[in-house]
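A.B. asks: If it helps, the file is called coords24.txt and holds compact mmCIF, N, CA and C atoms:
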# COMPACT_ATOMS: atom_id res chain seq x y z
N MET A 1 3.47 -9.75 -20.78
CA MET A 1 4.28 -10.67 -20.03
C MET A 1 3.47 -11.15 -18.83
N PRO A 2 3.16 -12.41 -18.80
CA PRO A 2 2.44 -12.95 -17.64
C PRO A 2 3.33 -12.99 -16.40
N VAL A 3 2.73 -12.70 -15.28
CA VAL A 3 3.42 -12.79 -13.99
C VAL A 3 2.66 -13.82 -13.16
N THR A 4 3.39 -14.77 -12.61
CA THR A 4 2.76 -15.80 -11.81
C THR A 4 3.07 -15.55 -10.34
N ILE A 5 2.00 -15.47 -9.56
CA ILE A 5 2.13 -15.32 -8.11
C ILE A 5 1.43 -16.52 -7.49
N SER A 6 2.13 -17.21 -6.65
CA SER A 6 1.59 -18.46 -6.10
C SER A 6 0.39 -18.18 -5.19
N ASP A 7 -0.46 -19.19 -5.10
CA ASP A 7 -1.61 -19.10 -4.19
C ASP A 7 -1.12 -18.94 -2.75
N GLU A 8 0.03 -19.51 -2.45
CA GLU A 8 0.60 -19.39 -1.10
C GLU A 8 0.87 -17.93 -0.75
N VAL A 9 1.43 -17.21 -1.70
CA VAL A 9 1.72 -15.78 -1.47
C VAL A 9 0.43 -14.99 -1.32
N LEU A 10 -0.54 -15.27 -2.21
CA LEU A 10 -1.83 -14.57 -2.11
C LEU A 10 -2.52 -14.86 -0.78
N THR A 11 -2.46 -16.10 -0.35
CA THR A 11 -3.07 -16.47 0.93
C THR A 11 -2.36 -15.78 2.08
N ALA A 12 -1.04 -15.77 2.06
CA ALA A 12 -0.27 -15.13 3.13
C ALA A 12 -0.55 -13.63 3.19
N ALA A 13 -0.80 -13.02 2.03
CA ALA A 13 -1.08 -11.59 1.97
C ALA A 13 -2.55 -11.28 2.20
N HIS A 14 -3.37 -12.32 2.32
CA HIS A 14 -4.82 -12.16 2.51
C HIS A 14 -5.42 -11.32 1.39
N ILE A 15 -5.09 -11.70 0.16
CA ILE A 15 -5.57 -10.95 -0.99
C ILE A 15 -5.88 -11.93 -2.13
N SER A 16 -6.90 -11.60 -2.89
CA SER A 16 -7.26 -12.43 -4.04
C SER A 16 -6.53 -11.90 -5.28
N GLU A 17 -6.53 -12.68 -6.34
CA GLU A 17 -5.88 -12.24 -7.57
C GLU A 17 -6.50 -10.96 -8.12
N PRO A 18 -7.85 -10.85 -8.19
CA PRO A 18 -8.44 -9.58 -8.66
C PRO A 18 -8.08 -8.39 -7.77
N GLU A 19 -8.03 -8.61 -6.46
CA GLU A 19 -7.66 -7.52 -5.55
C GLU A 19 -6.21 -7.09 -5.77
N LEU A 20 -5.34 -8.06 -6.02
CA LEU A 20 -3.93 -7.74 -6.28
C LEU A 20 -3.79 -6.91 -7.55
N LYS A 21 -4.52 -7.29 -8.59
CA LYS A 21 -4.49 -6.52 -9.83
C LYS A 21 -4.97 -5.09 -9.59
N GLN A 22 -6.01 -4.94 -8.78
CA GLN A 22 -6.52 -3.61 -8.47
C GLN A 22 -5.48 -2.79 -7.72
N GLU A 23 -4.82 -3.42 -6.75
CA GLU A 23 -3.81 -2.71 -5.95
C GLU A 23 -2.64 -2.25 -6.82
N VAL A 24 -2.20 -3.12 -7.72
CA VAL A 24 -1.10 -2.76 -8.62
C VAL A 24 -1.54 -1.62 -9.53
N ALA A 25 -2.75 -1.73 -10.07
CA ALA A 25 -3.27 -0.68 -10.96
C ALA A 25 -3.39 0.65 -10.22
N LEU A 26 -3.91 0.62 -8.99
CA LEU A 26 -4.03 1.84 -8.20
C LEU A 26 -2.67 2.48 -7.95
N THR A 27 -1.71 1.66 -7.58
CA THR A 27 -0.37 2.17 -7.28
C THR A 27 0.28 2.78 -8.52
N LEU A 28 0.22 2.08 -9.63
CA LEU A 28 0.84 2.59 -10.86
C LEU A 28 0.12 3.84 -11.37
N PHE A 29 -1.20 3.90 -11.19
CA PHE A 29 -1.92 5.10 -11.58
C PHE A 29 -1.53 6.27 -10.68
N GLN A 30 -1.47 6.02 -9.39
CA GLN A 30 -1.13 7.08 -8.44
C GLN A 30 0.28 7.62 -8.71
N GLN A 31 1.18 6.75 -9.15
CA GLN A 31 2.54 7.16 -9.48
C GLN A 31 2.65 7.77 -10.88
N GLU A 32 1.49 7.87 -11.55
CA GLU A 32 1.41 8.41 -12.91
C GLU A 32 2.25 7.61 -13.90
N ARG A 33 2.30 6.30 -13.66
CA ARG A 33 3.01 5.40 -14.58
C ARG A 33 2.04 4.75 -15.55
N LEU A 34 0.73 4.78 -15.23
CA LEU A 34 -0.32 4.29 -16.12
C LEU A 34 -1.38 5.35 -16.26
N THR A 35 -1.99 5.41 -17.43
CA THR A 35 -3.13 6.30 -17.63
C THR A 35 -4.36 5.67 -16.97
N LEU A 36 -5.42 6.43 -16.91
CA LEU A 36 -6.67 5.93 -16.36
C LEU A 36 -7.15 4.71 -17.16
N ALA A 37 -7.07 4.80 -18.48
CA ALA A 37 -7.49 3.69 -19.33
C ALA A 37 -6.64 2.45 -19.09
N GLN A 38 -5.33 2.63 -19.03
CA GLN A 38 -4.43 1.49 -18.81
C GLN A 38 -4.65 0.87 -17.44
N ALA A 39 -4.78 1.70 -16.43
CA ALA A 39 -4.97 1.19 -15.07
C ALA A 39 -6.29 0.45 -14.93
N SER A 40 -7.34 0.98 -15.53
CA SER A 40 -8.64 0.31 -15.42
C SER A 40 -8.60 -1.03 -16.15
N ARG A 41 -7.88 -1.11 -17.27
CA ARG A 41 -7.74 -2.40 -17.97
C ARG A 41 -6.96 -3.39 -17.11
N LEU A 42 -5.86 -2.93 -16.50
CA LEU A 42 -5.08 -3.81 -15.63
C LEU A 42 -5.92 -4.32 -14.47
N ALA A 43 -6.75 -3.46 -13.92
CA ALA A 43 -7.61 -3.84 -12.80
C ALA A 43 -8.82 -4.66 -13.25
N GLU A 44 -8.97 -4.78 -14.57
CA GLU A 44 -10.10 -5.50 -15.15
C GLU A 44 -11.43 -4.91 -14.68
N MET A 45 -11.50 -3.57 -14.75
CA MET A 45 -12.68 -2.82 -14.34
C MET A 45 -13.00 -1.80 -15.42
N SER A 46 -14.27 -1.39 -15.48
CA SER A 46 -14.60 -0.28 -16.36
C SER A 46 -13.94 0.97 -15.79
N GLN A 47 -13.80 1.98 -16.63
CA GLN A 47 -13.18 3.22 -16.15
C GLN A 47 -14.02 3.86 -15.05
N LEU A 48 -15.34 3.79 -15.18
CA LEU A 48 -16.20 4.37 -14.14
C LEU A 48 -16.04 3.66 -12.81
N THR A 49 -15.97 2.33 -12.86
CA THR A 49 -15.79 1.56 -11.62
C THR A 49 -14.42 1.84 -11.02
N PHE A 50 -13.40 1.94 -11.88
CA PHE A 50 -12.06 2.25 -11.39
C PHE A 50 -12.02 3.65 -10.78
N GLN A 51 -12.71 4.60 -11.41
CA GLN A 51 -12.78 5.96 -10.85
C GLN A 51 -13.46 5.96 -9.49
N ALA A 52 -14.47 5.13 -9.32
CA ALA A 52 -15.14 5.03 -8.02
C ALA A 52 -14.18 4.48 -6.98
N LEU A 53 -13.35 3.51 -7.37
CA LEU A 53 -12.35 2.96 -6.46
C LEU A 53 -11.32 4.03 -6.10
N LEU A 54 -10.90 4.82 -7.08
CA LEU A 54 -9.98 5.93 -6.81
C LEU A 54 -10.59 6.90 -5.80
N ALA A 55 -11.86 7.23 -6.00
CA ALA A 55 -12.54 8.16 -5.09
C ALA A 55 -12.62 7.57 -3.69
N LYS A 56 -12.94 6.29 -3.60
CA LYS A 56 -13.04 5.62 -2.30
C LYS A 56 -11.71 5.67 -1.56
N ARG A 57 -10.61 5.54 -2.31
CA ARG A 57 -9.26 5.58 -1.72
C ARG A 57 -8.71 7.01 -1.61
N GLN A 58 -9.50 7.97 -2.05
CA GLN A 58 -9.11 9.39 -2.04
C GLN A 58 -7.83 9.63 -2.85
N ILE A 59 -7.76 8.97 -4.01
CA ILE A 59 -6.65 9.15 -4.94
C ILE A 59 -7.15 10.08 -6.04
N PRO A 60 -6.51 11.24 -6.20
CA PRO A 60 -6.98 12.19 -7.22
C PRO A 60 -6.78 11.66 -8.63
N ILE A 61 -7.68 12.04 -9.49
CA ILE A 61 -7.59 11.65 -10.89
C ILE A 61 -6.77 12.69 -11.63
N HIS A 62 -5.67 12.26 -12.19
CA HIS A 62 -4.86 13.14 -13.04
C HIS A 62 -5.19 12.75 -14.48
N TYR A 63 -5.69 13.68 -15.21
CA TYR A 63 -6.11 13.40 -16.58
C TYR A 63 -5.62 14.54 -17.45
N GLY A 64 -4.49 14.32 -18.06
CA GLY A 64 -3.89 15.35 -18.89
C GLY A 64 -3.98 15.02 -20.36
N LEU A 65 -3.23 15.73 -21.13
CA LEU A 65 -3.23 15.58 -22.58
C LEU A 65 -2.78 14.18 -23.00
N ASP A 66 -1.78 13.64 -22.33
CA ASP A 66 -1.31 12.29 -22.68
C ASP A 66 -2.41 11.25 -22.47
N GLU A 67 -3.12 11.36 -21.36
CA GLU A 67 -4.22 10.42 -21.09
C GLU A 67 -5.33 10.58 -22.12
N PHE A 68 -5.62 11.82 -22.47
CA PHE A 68 -6.66 12.08 -23.48
C PHE A 68 -6.28 11.44 -24.81
N ARG A 69 -5.03 11.62 -25.22
CA ARG A 69 -4.56 11.04 -26.48
C ARG A 69 -4.62 9.51 -26.44
N GLU A 70 -4.24 8.93 -25.32
CA GLU A 70 -4.30 7.48 -25.17
C GLU A 70 -5.75 6.98 -25.27
N ASP A 71 -6.66 7.67 -24.63
CA ASP A 71 -8.07 7.29 -24.71
C ASP A 71 -8.59 7.39 -26.14
N LEU A 72 -8.22 8.46 -26.85
CA LEU A 72 -8.62 8.60 -28.25
C LEU A 72 -8.05 7.46 -29.10
N ARG A 73 -6.80 7.12 -28.86
CA ARG A 73 -6.17 6.03 -29.61
C ARG A 73 -6.93 4.72 -29.38
N ILE A 74 -7.28 4.45 -28.15
CA ILE A 74 -8.00 3.22 -27.82
C ILE A 74 -9.39 3.23 -28.44
N LEU A 75 -10.06 4.36 -28.38
CA LEU A 75 -11.38 4.45 -28.99
C LEU A 75 -11.32 4.22 -30.50
N ARG A 76 -10.30 4.75 -31.13
CA ARG A 76 -10.14 4.54 -32.58
C ARG A 76 -9.85 3.07 -32.89
N GLN A 77 -9.03 2.44 -32.06
CA GLN A 77 -8.71 1.03 -32.27
C GLN A 77 -9.94 0.13 -32.12
N THR A 78 -10.80 0.48 -31.20
CA THR A 78 -11.99 -0.32 -30.95
C THR A 78 -13.16 0.15 -31.80
N GLU A 79 -12.88 1.09 -32.71
CA GLU A 79 -13.88 1.63 -33.64
C GLU A 79 -15.07 2.24 -32.92
N ARG A 80 -14.83 2.87 -31.80
CA ARG A 80 -15.89 3.56 -31.07
C ARG A 80 -15.88 5.06 -31.36
N LEU A 81 -14.96 5.48 -32.21
CA LEU A 81 -14.87 6.90 -32.56
C LEU A 81 -14.69 7.04 -34.04
Can you dump the structure from the file as structure tokens?

C.D. replies:
Amino acid sequence: MPVTISDEVLTAAHISEPELKQEVALTLFQQERLTLAQASRLAEMSQLTFQALLAKRQIPIHYGLDEFREDLRILRQTERL
């Protein structure tokens, strides 16, 4: 589902579209509503780059069985496993 945020709102918030995506991804990851893989995709970053952003913000990485299964599923879909 596409979400449209006007340039006026982005300008008022002093944030770019990529930064907004990162902030949403960080928040949803921190709330454990997205896995690491999902959050990094939302932020349009590699997982390593997203992990570096998490470290910079001092947000702990929670990586449990559900996240592992999701990563395996994605790897199988992309034929990397």

A.B. asks: Mind pulling up the distance from atom C of Ala43 (chain A) to CA of Glu19 (chain A)?

C.D. replies: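 So the two atoms, CA of Glu19 (chain A) and atom C of Ala43 (chain A), lie 8.3 Å apart.
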
A.B. asks: DSSP on the backbone, helix (DSSP H, G or I) only: what residues of region 15-77 of chain A does that give? Format it as an MDAnalysis selection string.

C.D. replies: chainID A and resid 17:30 36:42 47:56 65:77

A.B. asks: With N, CA and C atoms retained, export the selected residues as a compact mmCIF listing (two decimals), keeping the file's coordinate frame.

C.D. replies:
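Saved to part.txt:
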# COMPACT_ATOMS: atom_id res chain seq x y z
N GLU A 17 -6.53 -12.68 -6.34
CA GLU A 17 -5.88 -12.24 -7.57
C GLU A 17 -6.50 -10.96 -8.12
N PRO A 18 -7.85 -10.85 -8.19
CA PRO A 18 -8.44 -9.58 -8.66
C PRO A 18 -8.08 -8.39 -7.77
N GLU A 19 -8.03 -8.61 -6.46
CA GLU A 19 -7.66 -7.52 -5.55
C GLU A 19 -6.21 -7.09 -5.77
N LEU A 20 -5.34 -8.06 -6.02
CA LEU A 20 -3.93 -7.74 -6.28
C LEU A 20 -3.79 -6.91 -7.55
N LYS A 21 -4.52 -7.29 -8.59
CA LYS A 21 -4.49 -6.52 -9.83
C LYS A 21 -4.97 -5.09 -9.59
N GLN A 22 -6.01 -4.94 -8.78
CA GLN A 22 -6.52 -3.61 -8.47
C GLN A 22 -5.48 -2.79 -7.72
N GLU A 23 -4.82 -3.42 -6.75
CA GLU A 23 -3.81 -2.71 -5.95
C GLU A 23 -2.64 -2.25 -6.82
N VAL A 24 -2.20 -3.12 -7.72
CA VAL A 24 -1.10 -2.76 -8.62
C VAL A 24 -1.54 -1.62 -9.53
N ALA A 25 -2.75 -1.73 -10.07
CA ALA A 25 -3.27 -0.68 -10.96
C ALA A 25 -3.39 0.65 -10.22
N LEU A 26 -3.91 0.62 -8.99
CA LEU A 26 -4.03 1.84 -8.20
C LEU A 26 -2.67 2.48 -7.95
N THR A 27 -1.71 1.66 -7.58
CA THR A 27 -0.37 2.17 -7.28
C THR A 27 0.28 2.78 -8.52
N LEU A 28 0.22 2.08 -9.63
CA LEU A 28 0.84 2.59 -10.86
C LEU A 28 0.12 3.84 -11.37
N PHE A 29 -1.20 3.90 -11.19
CA PHE A 29 -1.92 5.10 -11.58
C PHE A 29 -1.53 6.27 -10.68
N GLN A 30 -1.47 6.02 -9.39
CA GLN A 30 -1.13 7.08 -8.44
C GLN A 30 0.28 7.62 -8.71
N LEU A 36 -5.42 6.43 -16.91
CA LEU A 36 -6.67 5.93 -16.36
C LEU A 36 -7.15 4.71 -17.16
N ALA A 37 -7.07 4.80 -18.48
CA ALA A 37 -7.49 3.69 -19.33
C ALA A 37 -6.64 2.45 -19.09
N GLN A 38 -5.33 2.63 -19.03
CA GLN A 38 -4.43 1.49 -18.81
C GLN A 38 -4.65 0.87 -17.44
N ALA A 39 -4.78 1.70 -16.43
CA ALA A 39 -4.97 1.19 -15.07
C ALA A 39 -6.29 0.45 -14.93
N SER A 40 -7.34 0.98 -15.53
CA SER A 40 -8.64 0.31 -15.42
C SER A 40 -8.60 -1.03 -16.15
N ARG A 41 -7.88 -1.11 -17.27
CA ARG A 41 -7.74 -2.40 -17.97
C ARG A 41 -6.96 -3.39 -17.11
N LEU A 42 -5.86 -2.93 -16.50
CA LEU A 42 -5.08 -3.81 -15.63
C LEU A 42 -5.92 -4.32 -14.47
N GLN A 47 -13.80 1.98 -16.63
CA GLN A 47 -13.18 3.22 -16.15
C GLN A 47 -14.02 3.86 -15.05
N LEU A 48 -15.34 3.79 -15.18
CA LEU A 48 -16.20 4.37 -14.14
C LEU A 48 -16.04 3.66 -12.81
N THR A 49 -15.97 2.33 -12.86
CA THR A 49 -15.79 1.56 -11.62
C THR A 49 -14.42 1.84 -11.02
N PHE A 50 -13.40 1.94 -11.88
CA PHE A 50 -12.06 2.25 -11.39
C PHE A 50 -12.02 3.65 -10.78
N GLN A 51 -12.71 4.60 -11.41
CA GLN A 51 -12.78 5.96 -10.85
C GLN A 51 -13.46 5.96 -9.49
N ALA A 52 -14.47 5.13 -9.32
CA ALA A 52 -15.14 5.03 -8.02
C ALA A 52 -14.18 4.48 -6.98
N LEU A 53 -13.35 3.51 -7.37
CA LEU A 53 -12.35 2.96 -6.46
C LEU A 53 -11.32 4.03 -6.10
N LEU A 54 -10.90 4.82 -7.08
CA LEU A 54 -9.98 5.93 -6.81
C LEU A 54 -10.59 6.90 -5.80
N ALA A 55 -11.86 7.23 -6.00
CA ALA A 55 -12.54 8.16 -5.09
C ALA A 55 -12.62 7.57 -3.69
N LYS A 56 -12.94 6.29 -3.60
CA LYS A 56 -13.04 5.62 -2.30
C LYS A 56 -11.71 5.67 -1.56
N LEU A 65 -3.23 15.73 -21.13
CA LEU A 65 -3.23 15.58 -22.58
C LEU A 65 -2.78 14.18 -23.00
N ASP A 66 -1.78 13.64 -22.33
CA ASP A 66 -1.31 12.29 -22.68
C ASP A 66 -2.41 11.25 -22.47
N GLU A 67 -3.12 11.36 -21.36
CA GLU A 67 -4.22 10.42 -21.09
C GLU A 67 -5.33 10.58 -22.12
N PHE A 68 -5.62 11.82 -22.47
CA PHE A 68 -6.66 12.08 -23.48
C PHE A 68 -6.28 11.44 -24.81
N ARG A 69 -5.03 11.62 -25.22
CA ARG A 69 -4.56 11.04 -26.48
C ARG A 69 -4.62 9.51 -26.44
N GLU A 70 -4.24 8.93 -25.32
CA GLU A 70 -4.30 7.48 -25.17
C GLU A 70 -5.75 6.98 -25.27
N ASP A 71 -6.66 7.67 -24.63
CA ASP A 71 -8.07 7.29 -24.71
C ASP A 71 -8.59 7.39 -26.14
N LEU A 72 -8.22 8.46 -26.85
CA LEU A 72 -8.62 8.60 -28.25
C LEU A 72 -8.05 7.46 -29.10
N ARG A 73 -6.80 7.12 -28.86
CA ARG A 73 -6.17 6.03 -29.61
C ARG A 73 -6.93 4.72 -29.38
N ILE A 74 -7.28 4.45 -28.15
CA ILE A 74 -8.00 3.22 -27.82
C ILE A 74 -9.39 3.23 -28.44
N LEU A 75 -10.06 4.36 -28.38
CA LEU A 75 -11.38 4.45 -28.99
C LEU A 75 -11.32 4.22 -30.50
N ARG A 76 -10.30 4.75 -31.13
CA ARG A 76 -10.14 4.54 -32.58
C ARG A 76 -9.85 3.07 -32.89
N GLN A 77 -9.03 2.44 -32.06
CA GLN A 77 -8.71 1.03 -32.27
C GLN A 77 -9.94 0.13 -32.12

A.B. asks: For region 21-29 of chain A, find every residue with an atom within 8 Å (counting only C-alpha atoms), except residues of its own chain fewer than 6 positions away, and show them as a PDB file with N, CA and C atoms, keeping the file's coordinate frame.

C.D. replies:
ATOM      1  N   THR A  35      -1.990   5.410 -17.430  1.00  0.00           N
ATOM      2  CA  THR A  35      -3.130   6.300 -17.630  1.00  0.00           C
ATOM      3  C   THR A  35      -4.360   5.670 -16.970  1.00  0.00           C
ATOM      4  N   LEU A  36      -5.420   6.430 -16.910  1.00  0.00           N
ATOM      5  CA  LEU A  36      -6.670   5.930 -16.360  1.00  0.00           C
ATOM      6  C   LEU A  36      -7.150   4.710 -17.160  1.00  0.00           C
ATOM      7  N   ALA A  39      -4.780   1.700 -16.430  1.00  0.00           N
ATOM      8  CA  ALA A  39      -4.970   1.190 -15.070  1.00  0.00           C
ATOM      9  C   ALA A  39      -6.290   0.450 -14.930  1.00  0.00           C
ATOM     10  N   SER A  40      -7.340   0.980 -15.530  1.00  0.00           N
ATOM     11  CA  SER A  40      -8.640   0.310 -15.420  1.00  0.00           C
ATOM     12  C   SER A  40      -8.600  -1.030 -16.150  1.00  0.00           C
ATOM     13  N   LEU A  42      -5.860  -2.930 -16.500  1.00  0.00           N
ATOM     14  CA  LEU A  42      -5.080  -3.810 -15.630  1.00  0.00           C
ATOM     15  C   LEU A  42      -5.920  -4.320 -14.470  1.00  0.00           C
ATOM     16  N   ALA A  43      -6.750  -3.460 -13.920  1.00  0.00           N
ATOM     17  CA  ALA A  43      -7.610  -3.840 -12.800  1.00  0.00           C
ATOM     18  C   ALA A  43      -8.820  -4.660 -13.250  1.00  0.00           C
ATOM     19  N   GLU A  44      -8.970  -4.780 -14.570  1.00  0.00           N
ATOM     20  CA  GLU A  44     -10.100  -5.500 -15.150  1.00  0.00           C
ATOM     21  C   GLU A  44     -11.430  -4.910 -14.680  1.00  0.00           C
ATOM     22  N   LEU A  54     -10.900   4.820  -7.080  1.00  0.00           N
ATOM     23  CA  LEU A  54      -9.980   5.930  -6.810  1.00  0.00           C
ATOM     24  C   LEU A  54     -10.590   6.900  -5.800  1.00  0.00           C
TER      25      LEU A  54
END

A.B. asks: Report, in Å to a single decimal, how far apart CA of Asp66 (chain A) and atom C of Gln47 (chain A) are.

C.D. replies: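 We find that atom C of Gln47 (chain A) and CA of Asp66 (chain A) lie 17.1 Å from each other.
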
A.B. asks: What does the distance between CA of Glu67 (chain A) and CA of Leu34 (chain A) come to in Å, to one decimal place?

C.D. replies: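 Separating CA of Glu67 (chain A) from CA of Leu34 (chain A) is a distance of 8.8 Å.
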